[in-house]
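Asks: Sharing a structure, written as structure tokens. Questions coming.
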Amino acid sequence: MTDIREHPPPATASAAPAARAMAATRPGRVVGLDGIRGLAALFVVLNHIFDRAWPGYPANPAPFWAAWMTYGRGAVVMFIALSGFSLGLGPARSGWRFKSIATYAHRRAWRILPPYWAALGFSLVMTWYVLAQPGWPLPNGKSVVVYGLLVQDAFSQGHHGGFWSAGSPNRAFWSIAIEAQLYVLLPLLLLLVRRVSARAMVGLVAAIVVTIGLLGPHVPLMNSALVKFIPDLAVLFAVGLLAAGIVTAGEHTRSRPWAGYALAATVPVIALMVVKGSTWSSLNLFWLDLAWAPAVGCFLAAIATSRPRPVVRFLDSRLPRSLGSCSYSLYLTHMPIVIAVSYGLVLGRVATGTPTFFVLAAILLPVTVCFARLFAAVFELPFQRHRGWIVLRQAMSARLWQLRRTGPAVVAGRWRGARRVLNGGWSRVGRAPARPPGSASASRASGPRNQAGGRCRPARPRPVAGRARLASRPGPPVQPGPGDSATRSGSC
């Protein structure tokens with residue numbers, strides 16, 4: 001990714017375009033992308049809570065204030081476009097080519113497969129031993145093979161009959177298979193960009209997908225492709241790849257009002273959804289996804305140029321960025337938890353509709369986010385920080401060695417503190433705290449005085465054998481406190 005943060009103003013006005021172009025091409029993190037991922041993952045959770053509170057899809061019986069949560073597909077659209085944008089940043093700086101396709105394939109597999117397989121195991125355990133989605137077939141051994149190989153869009157229940165039909169352990173996994181297939185398509189898209197142009201690449205992908213959409217209802221094979229592989233998402237991926245070119249574009253292109261373009265492209269889509277209603281929108285997701293493509297592409301270009309600044313600052317604030325750090329884990333693991341809490345604890349005990357929604361949201365939002373953070377800490381973040389088994393094993397060994405070293409050190413530190421108290425008393429660890437009037441130490445204040453008018457200090461008792469052994473051990477030197485005597489026999 002690339003760093004598009006604000007940079008110090010140049011010394012001269014003539015150097016401004018060159019400085020900004022150089023800053024735009026430096027490798028680093030595009031500010032705001034993590035926040036977009038986090039908010040999109042949270043919206044998916046809200047959408048699945050919405051479906052349990054107001055059942056009846058594709059109809060939308062929810063009140064107006066909650067009706068917008070029915071379009072959970074919008075979060076997947078953003079995820080796919082953001083994936084194309086993020087993966088295109090590196091090639092855009094290198095002439096639209098990978099330094100090594102093998103390295104690219106290894107990094108993609110290393111990034112998505114370990115948390116995905118761990119989430120698959122978690123989903124199977126939740127489905128088999130806790131609670132399964134009512135009305136859906138239970139996953140079996142075939143499900144493990146089909147979902148483990150990321151081919152569930154071709155062989156999942158309801159899409160393909162026969163031997164390879166498989167129940168779903170997690171209904172949110174369908175988009176992971178689509179994204180993995182787009183990763184395979186990416187080198188071909190980059191080849192088109194190099195041979196022709198990025199715009200031509202998007203136009204070709206859009207033409208193929210629109211043709212499938214138009215002929216699908218009349219050609220069984222194309223209709224099967226529409227249902228299984230969701231080809232409209234390939235256009236979103238290509239648009240995200242096109243938007244990644246903004247990091248190497250000239251100043252004239254970068255200074256365009258991309259946020260305004262995004263807003264102008266968003267208004268007609270929202271108006272269409274409001275006019276046509278939720279049922280029409282849910283039955284025409286193919287065309288709605290394509291309609292969102294221009295708005296999403298312009299929005300990503302605006303974020304890459306750090307505009308609008310209030311939006312970028314919000315996306316880079318602590319909460320969205322924290323959600324973004326575990327957004328993949330949140331997407332992978334939330335569905336079994338939503339099903340278990342909804343059908344096992346809430347539904348049937350709380351009135352359907354708004355009360356159910358607020359009860360589920362109050363329980364599931366913190367539970368799913370906290371679980372995702374723990375899950376990411378074990379199965380996602382280590383694989384982001386260490387790019388290979390050897391490096392990961394070395395890091396784990398170093399961590400275990402550190403724990404073995406710090407554990408005894410903490411115990412030894414506490415033992416040394418106790419030893420100082422035993423050997424030196426209050427005079428070695430600091431001045432004694434003030435005692436309330438009437439206490440035993442306060443009553444000694446009226447005792448005998450020495451020749452200088454000060455209070456006599458009583459002789460300390462000789463240490464017992466155990467304390468003498470403690471004193472004989474080496475330890476850090478302790479300086480005498482104020483008023484301490486050089487002898488142990490008292491100061492009178």
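Letters for chains follow the order of the structure tokens (A, B, ...), residue numbers begin at 1 for each chain, and ligand numbers begin at 1 in the order shown.
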Which residues come within 6 Å of region 275-288 of chain A, counting only C-alpha atoms, excluding same-chain residues fewer than 6 positions away, as a PyMOL selection string?

Replies: chain A and resi 58-60+232

Asks: Those same residues - C-alpha atoms - I'd like them written as a PDB file, in the first residue's frame.

Replies:
ATOM      1  CA  PRO A  58     -36.660 -10.031   0.384  1.00  0.00           C
ATOM      2  CA  ALA A  59     -39.529  -7.994   1.793  1.00  0.00           C
ATOM      3  CA  ASN A  60     -38.488  -5.325   4.274  1.00  0.00           C
ATOM      4  CA  ASP A 232     -20.832  -8.610 -11.218  1.00  0.00           C
TER       5      ASP A 232
END

Asks: What's the 12 Å shell around Thr253 (chain A), counting only C-alpha atoms, without same-chain residues fewer than 3 positions away, as a VMD selection string?

Replies: chain A and resid 17 21 243 245 to 250 256 to 258 298 301 to 302 305

Asks: Please write the residues from the selection above to a file, keeping N, CA and C atoms, as a PDB file, in the first residue's frame.

Replies:
ATOM      1  N   PRO A  17       4.151  20.355  -6.966  1.00  0.00           N
ATOM      2  CA  PRO A  17       3.674  19.162  -7.668  1.00  0.00           C
ATOM      3  C   PRO A  17       4.651  18.002  -7.608  1.00  0.00           C
ATOM      4  N   ALA A  21       3.900  14.422  -5.900  1.00  0.00           N
ATOM      5  CA  ALA A  21       3.974  13.197  -6.694  1.00  0.00           C
ATOM      6  C   ALA A  21       4.934  12.201  -6.087  1.00  0.00           C
ATOM      7  N   ALA A 243      -8.848   2.303  -9.825  1.00  0.00           N
ATOM      8  CA  ALA A 243      -8.684   3.414  -8.875  1.00  0.00           C
ATOM      9  C   ALA A 243      -7.298   3.437  -8.255  1.00  0.00           C
ATOM     10  N   GLY A 245      -4.575   3.291  -9.699  1.00  0.00           N
ATOM     11  CA  GLY A 245      -3.678   4.081 -10.522  1.00  0.00           C
ATOM     12  C   GLY A 245      -3.569   5.522 -10.101  1.00  0.00           C
ATOM     13  N   ILE A 246      -4.436   5.963  -9.172  1.00  0.00           N
ATOM     14  CA  ILE A 246      -4.382   7.350  -8.714  1.00  0.00           C
ATOM     15  C   ILE A 246      -3.066   7.655  -8.016  1.00  0.00           C
ATOM     16  N   VAL A 247      -2.391   6.661  -7.463  1.00  0.00           N
ATOM     17  CA  VAL A 247      -1.169   6.920  -6.699  1.00  0.00           C
ATOM     18  C   VAL A 247      -0.005   7.310  -7.594  1.00  0.00           C
ATOM     19  N   THR A 248      -0.082   6.996  -8.876  1.00  0.00           N
ATOM     20  CA  THR A 248       0.978   7.395  -9.801  1.00  0.00           C
ATOM     21  C   THR A 248       0.485   8.392 -10.834  1.00  0.00           C
ATOM     22  N   ALA A 249      -0.738   8.871 -10.666  1.00  0.00           N
ATOM     23  CA  ALA A 249      -1.295   9.818 -11.634  1.00  0.00           C
ATOM     24  C   ALA A 249      -0.663  11.196 -11.452  1.00  0.00           C
ATOM     25  N   GLY A 250      -0.809  12.027 -12.455  1.00  0.00           N
ATOM     26  CA  GLY A 250      -0.299  13.387 -12.395  1.00  0.00           C
ATOM     27  C   GLY A 250      -1.106  14.261 -11.464  1.00  0.00           C
ATOM     28  N   ARG A 256      -8.534  16.425  -8.967  1.00  0.00           N
ATOM     29  CA  ARG A 256      -9.949  16.452  -9.324  1.00  0.00           C
ATOM     30  C   ARG A 256     -10.824  16.187  -8.093  1.00  0.00           C
ATOM     31  N   PRO A 257     -12.067  16.674  -8.099  1.00  0.00           N
ATOM     32  CA  PRO A 257     -12.966  16.485  -6.929  1.00  0.00           C
ATOM     33  C   PRO A 257     -13.564  15.089  -6.898  1.00  0.00           C
ATOM     34  N   TRP A 258     -12.748  14.111  -6.581  1.00  0.00           N
ATOM     35  CA  TRP A 258     -13.213  12.729  -6.601  1.00  0.00           C
ATOM     36  C   TRP A 258     -14.320  12.479  -5.593  1.00  0.00           C
ATOM     37  N   CYS A 298     -14.709   6.153  -7.398  1.00  0.00           N
ATOM     38  CA  CYS A 298     -14.393   7.559  -7.115  1.00  0.00           C
ATOM     39  C   CYS A 298     -14.130   7.782  -5.630  1.00  0.00           C
ATOM     40  N   ALA A 301     -10.600   6.644  -4.883  1.00  0.00           N
ATOM     41  CA  ALA A 301      -9.642   7.623  -5.397  1.00  0.00           C
ATOM     42  C   ALA A 301      -9.586   8.855  -4.494  1.00  0.00           C
ATOM     43  N   ALA A 302     -10.727   9.275  -3.968  1.00  0.00           N
ATOM     44  CA  ALA A 302     -10.740  10.431  -3.064  1.00  0.00           C
ATOM     45  C   ALA A 302      -9.990  10.128  -1.771  1.00  0.00           C
ATOM     46  N   THR A 305      -6.270  10.288  -2.121  1.00  0.00           N
ATOM     47  CA  THR A 305      -5.724  11.644  -2.186  1.00  0.00           C
ATOM     48  C   THR A 305      -6.000  12.435  -0.909  1.00  0.00           C
TER      49      THR A 305
END

Asks: Point out the residue among A:Arg318, A:Arg373, A:Arg97, A:Arg171 with the least atom-to-atom distance to Arg195 (chain A), counting only C-alpha atoms.

Replies: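 Of the candidates, the smallest distance to Arg195 (chain A) is held by A:Arg97.
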
Asks: If you run DSSP on the backbone here, which positions in region 234-406 of chain A get alpha helix (DSSP H)? Please write them as JSON, numbers by chain.

Replies: {"A": [234, 235, 236, 237, 238, 239, 240, 241, 242, 243, 251, 252, 253, 254, 258, 259, 260, 261, 262, 263, 264, 265, 266, 267, 268, 269, 270, 271, 272, 273, 274, 275, 276, 277, 278, 279, 280, 281, 282, 283, 285, 286, 287, 288, 289, 290, 291, 292, 293, 294, 295, 296, 297, 298, 299, 300, 301, 302, 303, 304, 309, 310, 311, 312, 313, 314, 315, 318, 319, 320, 321, 322, 323, 324, 325, 327, 328, 329, 330, 331, 332, 333, 334, 335, 336, 337, 338, 339, 340, 341, 354, 355, 356, 357, 358, 359, 360, 361, 362, 363, 364, 365, 366, 367, 368, 369, 370, 371, 372, 373, 374, 375, 376, 377, 378, 379, 381, 382, 383, 384, 385, 389, 390, 391, 392, 393, 394, 395, 396, 397, 398, 399, 400, 401, 402, 403, 404, 405, 406]}

Asks: Contacts of region 332-337 of chain A at 7 Å or less, counting only C-alpha atoms, minus same-chain residues fewer than 3 places along, as a list of chain:residue names?

Replies: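 The neighbour list is A:Val45, A:Tyr116, A:Ala119, A:Ser123, A:Met126, A:Asn170, A:Ala172, A:Tyr328, A:Ser329, A:Ala340, A:Val341, A:Thr368, A:Ala372.
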
Asks: In Å to one decimal, how far is CA of Gly148 (chain A) from CA of Gly90 (chain A)?

Replies: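 Straight-line distance from CA of Gly90 (chain A) to CA of Gly148 (chain A) works out to 28.8 Å.
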